[in-house]
Amino acid sequence: MASQSLESTSTAHLRTSVEHVSIPTDAPEAEFTNWAKTFRCKPQRVFAPTTIEECRAVMELARREGARVHPVGVGHSPSDLACTNGWLLRMEGLKGFISVSSYSESADTRLRYQVDKKGQTATFYGGTTLHQVHSSLQQCDPPLALRNIGSISDQTIGGLISTASHGSGVTFPVLSNHVKSLKLALPLPGTPIVRVSPTEDNELFKATLCGLGATGLILEVEIEVEDAFRLRETKTPCTVDQALNTLDEIKGSAEHVRLWWYPDGQGMVIGRANRVYEVRPELGFSSHMLIW
């Protein structure tokens, strides 16, 4: 994908152009703490861009000044993945819904449920949180939803993909598997923008699906969606031995299965959830994958 190169832009101009997205060193945002509050760091510089061009300018300036850039969303990883003494790029400002598109797809016999064979995708900026994704998809006509998510929706969609986050269900792959294409800014001279997909630079596409931020900056994500649905869940108590002895049976007993172990010696709880499409009038599809 063609984009205007920044190679001819002077370093002085780049410094000026990123100054308004540079976080003051005495601001709370100048320090980073991960979501679980288990790691923290004080980067050399912190930037909070809101546009693609601002992201590119920071990356190009970093390349010229020999600084290492770490992109971060909400820091949901329990590790110190986003910690750096270099430059930190806070991506939450590059957010929003871009478009919905249709494509032809073949039936996936691995899945226990059927989706419209005229598949749909939605495209979002990389810093969009899943809460914002759900809200945007809900407003589509008809309402849409991601095919699977994890237990929370605080993460940015770019961070979700970079760490290959998962939901539940043995027939459901990691969420990165539902990505159809990505727009990346590459850490090369001029900070070029490329679009990658299974048919466009497939090797870079696959590497980025769990790239940990090392393959380039995720600017846009095109991901598969489907008609909005709810989950009807049941919870069943059992002993630890019962769960372990029938685990193979349990894991395939619903579309989405989770097990909770309680360290007080009182056993386990099996949560089973399946899709339902009828709408409760008082609720509608007010959010993705709500449980009855």
# chains A, B, ... in the order shown; residues from 1 in each chain; ligands from 1
>>> residues_around(residues="Thr121 in chain A", least_positions_apart="2", cutoff="7 Å", atoms="only C-alpha atoms", output="count of residues only")
9
>>> residues_around(residues="Ser168 in chain A", least_positions_apart="2", cutoff="8 Å", atoms="only C-alpha atoms", output="list in words")
Asn148, Ile149, Gly150, His166, Val170, Phe172, His256, Val257 and Arg258 of chain A
>>> closest_residue(among="A:Asn85, A:Val74, A:Lys206, A:Asp241", to="Gly158 in chain A", atoms="only C-alpha atoms")
A:Val74
>>> closest_residue(among="A:Ala145, A:Ser135, A:Leu217, A:Glu29", to="Pro71 in chain A", atoms="only C-alpha atoms")
A:Leu217
>>> residues_around(residues="range 11-16 of chain A", least_positions_apart="5", cutoff="12 Å", atoms="only C-alpha atoms", output="PyMOL selection string")
chain A and resi 6+21-22+53-65+190
>>> residues_around(residues="Cys210 in chain A", least_positions_apart="3", cutoff="10 Å", atoms="only C-alpha atoms", output="PDB file with N, CA and C atoms, in the first residue's frame")
ATOM      1  N   GLY A 159      -3.512  -5.029  20.861  1.00  0.00           N
ATOM      2  CA  GLY A 159      -2.827  -5.794  21.892  1.00  0.00           C
ATOM      3  C   GLY A 159      -3.346  -7.211  21.980  1.00  0.00           C
ATOM      4  N   LEU A 160      -4.639  -7.370  21.793  1.00  0.00           N
ATOM      5  CA  LEU A 160      -5.263  -8.694  21.795  1.00  0.00           C
ATOM      6  C   LEU A 160      -4.620  -9.600  20.755  1.00  0.00           C
ATOM      7  N   ILE A 161      -4.383  -9.041  19.574  1.00  0.00           N
ATOM      8  CA  ILE A 161      -3.802  -9.817  18.468  1.00  0.00           C
ATOM      9  C   ILE A 161      -2.313 -10.046  18.696  1.00  0.00           C
ATOM     10  N   SER A 162      -1.611  -9.043  19.172  1.00  0.00           N
ATOM     11  CA  SER A 162      -0.163  -9.149  19.355  1.00  0.00           C
ATOM     12  C   SER A 162       0.218 -10.230  20.348  1.00  0.00           C
ATOM     13  N   THR A 163      -0.695 -10.530  21.291  1.00  0.00           N
ATOM     14  CA  THR A 163      -0.409 -11.527  22.322  1.00  0.00           C
ATOM     15  C   THR A 163      -1.195 -12.809  22.122  1.00  0.00           C
ATOM     16  N   ALA A 164      -1.895 -12.946  20.977  1.00  0.00           N
ATOM     17  CA  ALA A 164      -2.662 -14.158  20.664  1.00  0.00           C
ATOM     18  C   ALA A 164      -3.596 -14.544  21.804  1.00  0.00           C
ATOM     19  N   SER A 165      -4.351 -13.571  22.288  1.00  0.00           N
ATOM     20  CA  SER A 165      -5.297 -13.842  23.371  1.00  0.00           C
ATOM     21  C   SER A 165      -6.368 -14.827  22.910  1.00  0.00           C
ATOM     22  N   SER A 176      -6.727 -14.251  17.238  1.00  0.00           N
ATOM     23  CA  SER A 176      -5.955 -13.799  16.081  1.00  0.00           C
ATOM     24  C   SER A 176      -6.344 -14.549  14.811  1.00  0.00           C
ATOM     25  N   PHE A 205       2.217 -11.270   7.855  1.00  0.00           N
ATOM     26  CA  PHE A 205       0.880 -11.353   8.451  1.00  0.00           C
ATOM     27  C   PHE A 205       0.862 -12.375   9.580  1.00  0.00           C
ATOM     28  N   LYS A 206       1.328 -13.575   9.309  1.00  0.00           N
ATOM     29  CA  LYS A 206       1.303 -14.629  10.323  1.00  0.00           C
ATOM     30  C   LYS A 206       2.201 -14.292  11.510  1.00  0.00           C
ATOM     31  N   ALA A 207       3.347 -13.692  11.232  1.00  0.00           N
ATOM     32  CA  ALA A 207       4.250 -13.328  12.324  1.00  0.00           C
ATOM     33  C   ALA A 207       3.635 -12.282  13.238  1.00  0.00           C
ATOM     34  N   GLY A 213       4.514  -7.004  19.257  1.00  0.00           N
ATOM     35  CA  GLY A 213       4.935  -5.658  18.905  1.00  0.00           C
ATOM     36  C   GLY A 213       6.234  -5.570  18.137  1.00  0.00           C
ATOM     37  N   ALA A 214       6.816  -6.722  17.766  1.00  0.00           N
ATOM     38  CA  ALA A 214       8.150  -6.727  17.159  1.00  0.00           C
ATOM     39  C   ALA A 214       8.141  -6.630  15.640  1.00  0.00           C
ATOM     40  N   THR A 215       7.002  -6.820  15.002  1.00  0.00           N
ATOM     41  CA  THR A 215       6.968  -6.861  13.534  1.00  0.00           C
ATOM     42  C   THR A 215       6.502  -5.558  12.908  1.00  0.00           C
TER      43      THR A 215
END
>>> residues_around(residues="Lys95 in chain A", least_positions_apart="5", cutoff="9 Å", atoms="only C-alpha atoms", output="VMD selection string")
chain A and resid 50 to 51 124 to 129 132 156
>>> write_last_selection(atoms="N, CA and C atoms", output="CSV table (one decimal), in the first residue's frame")
chain,number,residue,atom,x,y,z
A,50,THR,N,-2.9,10.1,18.3
A,50,THR,CA,-4.3,9.8,18.0
A,50,THR,C,-4.6,9.6,16.5
A,51,THR,N,-3.5,9.7,15.7
A,51,THR,CA,-3.7,9.5,14.2
A,51,THR,C,-2.5,8.6,13.7
A,124,PHE,N,-11.2,-1.8,12.5
A,124,PHE,CA,-11.1,-0.9,13.6
A,124,PHE,C,-9.6,-0.4,13.7
A,125,TYR,N,-9.4,0.8,14.2
A,125,TYR,CA,-8.1,1.2,14.5
A,125,TYR,C,-7.5,0.4,15.7
A,126,GLY,N,-6.2,0.2,15.6
A,126,GLY,CA,-5.5,-0.7,16.5
A,126,GLY,C,-5.7,-0.4,18.0
A,127,GLY,N,-5.9,0.8,18.4
A,127,GLY,CA,-6.0,1.2,19.8
A,127,GLY,C,-7.4,1.1,20.4
A,128,THR,N,-8.4,0.6,19.6
A,128,THR,CA,-9.8,0.5,20.0
A,128,THR,C,-9.9,-0.6,21.0
A,129,THR,N,-10.5,-0.3,22.2
A,129,THR,CA,-10.7,-1.4,23.2
A,129,THR,C,-11.9,-2.3,22.7
A,132,GLN,N,-15.2,-0.8,23.2
A,132,GLN,CA,-15.6,0.1,22.1
A,132,GLN,C,-16.0,-0.7,20.8
A,156,THR,N,-7.1,-3.5,24.1
A,156,THR,CA,-7.1,-3.0,22.8
A,156,THR,C,-7.1,-4.1,21.8
>>> closest_residue(among="A:Asp26, A:Asp154, A:Ile270, A:Asp264", to="Thr246 in chain A", atoms="only C-alpha atoms")
A:Ile270
>>> closest_residue(among="A:Gly216, A:Gly73, A:Pro263, A:Gly252", to="Gln155 in chain A", atoms="only C-alpha atoms")
A:Gly73
>>> closest_residue(among="A:Ile23, A:Arg195, A:Tyr103, A:Arg147", to="Pro173 in chain A", atoms="only C-alpha atoms")
A:Arg147
>>> closest_residue(among="A:Ala228, A:Gly66, A:Leu219, A:Pro49", to="Ile98 in chain A", atoms="only C-alpha atoms")
A:Leu219
>>> select_by_dssp(residues="range 52-282 of chain A", states="strand (DSSP E)", output="PyMOL selection string")
chain A and resi 69-72+87-90+97-104+118-125+144-146+179-185+193-196+217-227+230-238+256-262+267-276
>>> residues_around(residues="range 77-79 of chain A", least_positions_apart="6", cutoff="8 Å", atoms="only C-alpha atoms", output="number ranges by chain")
A: 34-36, 38-39, 163
>>> select_by_dssp(residues="range 77-230 of chain A", states="alpha helix (DSSP H)", output="list in words")
Leu130, His131, Gln132, Val133, His134, Ser135, Ser136, Leu137, Gln138, Ile157, Gly158, Gly159, Leu160, Ile161, Ser162, Asn202, Glu203, Leu204, Phe205, Lys206, Ala207 and Thr208 of chain A
>>> write_last_selection(atoms="C-alpha atoms", output="CSV table (one decimal), in the first residue's frame")
chain,number,residue,atom,x,y,z
A,130,LEU,CA,-13.0,-4.4,23.0
A,131,HIS,CA,-15.7,-2.5,24.9
A,132,GLN,CA,-15.6,0.1,22.1
A,133,VAL,CA,-15.6,-2.7,19.5
A,134,HIS,CA,-18.7,-4.3,21.0
A,135,SER,CA,-20.5,-0.9,21.2
A,136,SER,CA,-19.8,-0.1,17.5
A,137,LEU,CA,-20.9,-3.6,16.4
A,138,GLN,CA,-24.1,-3.3,18.4
A,157,ILE,CA,-7.8,-5.0,19.7
A,158,GLY,CA,-4.1,-4.5,18.6
A,159,GLY,CA,-2.8,-5.8,21.9
A,160,LEU,CA,-5.3,-8.7,21.8
A,161,ILE,CA,-3.8,-9.8,18.5
A,162,SER,CA,-0.2,-9.1,19.4
A,202,ASN,CA,1.5,-13.8,4.3
A,203,GLU,CA,4.7,-14.4,6.3
A,204,LEU,CA,4.6,-11.0,7.9
A,205,PHE,CA,0.9,-11.4,8.5
A,206,LYS,CA,1.3,-14.6,10.3
A,207,ALA,CA,4.3,-13.3,12.3
A,208,THR,CA,2.2,-10.3,13.5
>>> atom_distance(atom1="CA of Leu186 in chain A", atom2="CA of Gln120 in chain A")
27.5 Å
>>> decode(residues="range 202-221 of chain A", atoms="N, CA and C atoms", output="tab-separated table (two decimals), in the first residue's frame")
chain	number	residue	atom	x	y	z
A	202	ASN	N	2.07	-12.88	3.33
A	202	ASN	CA	1.52	-13.82	4.30
A	202	ASN	C	2.47	-14.08	5.47
A	203	GLU	N	3.78	-14.12	5.20
A	203	GLU	CA	4.72	-14.41	6.29
A	203	GLU	C	4.70	-13.32	7.35
A	204	LEU	N	4.69	-12.05	6.92
A	204	LEU	CA	4.63	-10.95	7.87
A	204	LEU	C	3.28	-10.94	8.58
A	205	PHE	N	2.22	-11.27	7.85
A	205	PHE	CA	0.88	-11.35	8.45
A	205	PHE	C	0.86	-12.38	9.58
A	206	LYS	N	1.33	-13.57	9.31
A	206	LYS	CA	1.30	-14.63	10.32
A	206	LYS	C	2.20	-14.29	11.51
A	207	ALA	N	3.35	-13.69	11.23
A	207	ALA	CA	4.25	-13.33	12.32
A	207	ALA	C	3.64	-12.28	13.24
A	208	THR	N	2.83	-11.39	12.68
A	208	THR	CA	2.25	-10.31	13.45
A	208	THR	C	1.10	-10.79	14.32
A	209	LEU	N	0.48	-11.92	13.98
A	209	LEU	CA	-0.66	-12.40	14.75
A	209	LEU	C	-0.29	-12.78	16.18
A	210	CYS	N	0.97	-12.97	16.44
A	210	CYS	CA	1.46	-13.07	17.82
A	210	CYS	C	2.84	-12.42	17.86
A	211	GLY	N	2.92	-11.21	17.33
A	211	GLY	CA	4.20	-10.57	17.11
A	211	GLY	C	4.78	-9.86	18.31
A	212	LEU	N	3.99	-9.70	19.40
A	212	LEU	CA	4.46	-9.02	20.62
A	212	LEU	C	5.01	-7.63	20.33
A	213	GLY	N	4.51	-7.00	19.26
A	213	GLY	CA	4.94	-5.66	18.90
A	213	GLY	C	6.23	-5.57	18.14
A	214	ALA	N	6.82	-6.72	17.77
A	214	ALA	CA	8.15	-6.73	17.16
A	214	ALA	C	8.14	-6.63	15.64
A	215	THR	N	7.00	-6.82	15.00
A	215	THR	CA	6.97	-6.86	13.53
A	215	THR	C	6.50	-5.56	12.91
A	216	GLY	N	6.14	-4.60	13.72
A	216	GLY	CA	5.61	-3.34	13.22
A	216	GLY	C	4.46	-2.89	14.10
A	217	LEU	N	4.00	-1.69	13.87
A	217	LEU	CA	2.93	-1.12	14.68
A	217	LEU	C	1.59	-1.40	14.01
A	218	ILE	N	0.66	-2.04	14.74
A	218	ILE	CA	-0.66	-2.36	14.20
A	218	ILE	C	-1.51	-1.10	14.21
A	219	LEU	N	-1.86	-0.62	13.02
A	219	LEU	CA	-2.65	0.59	12.87
A	219	LEU	C	-4.14	0.28	12.70
A	220	GLU	N	-4.44	-0.75	11.90
A	220	GLU	CA	-5.82	-1.14	11.64
A	220	GLU	C	-5.94	-2.65	11.67
A	221	VAL	N	-7.12	-3.12	12.10
A	221	VAL	CA	-7.40	-4.55	12.19
A	221	VAL	C	-8.73	-4.83	11.48
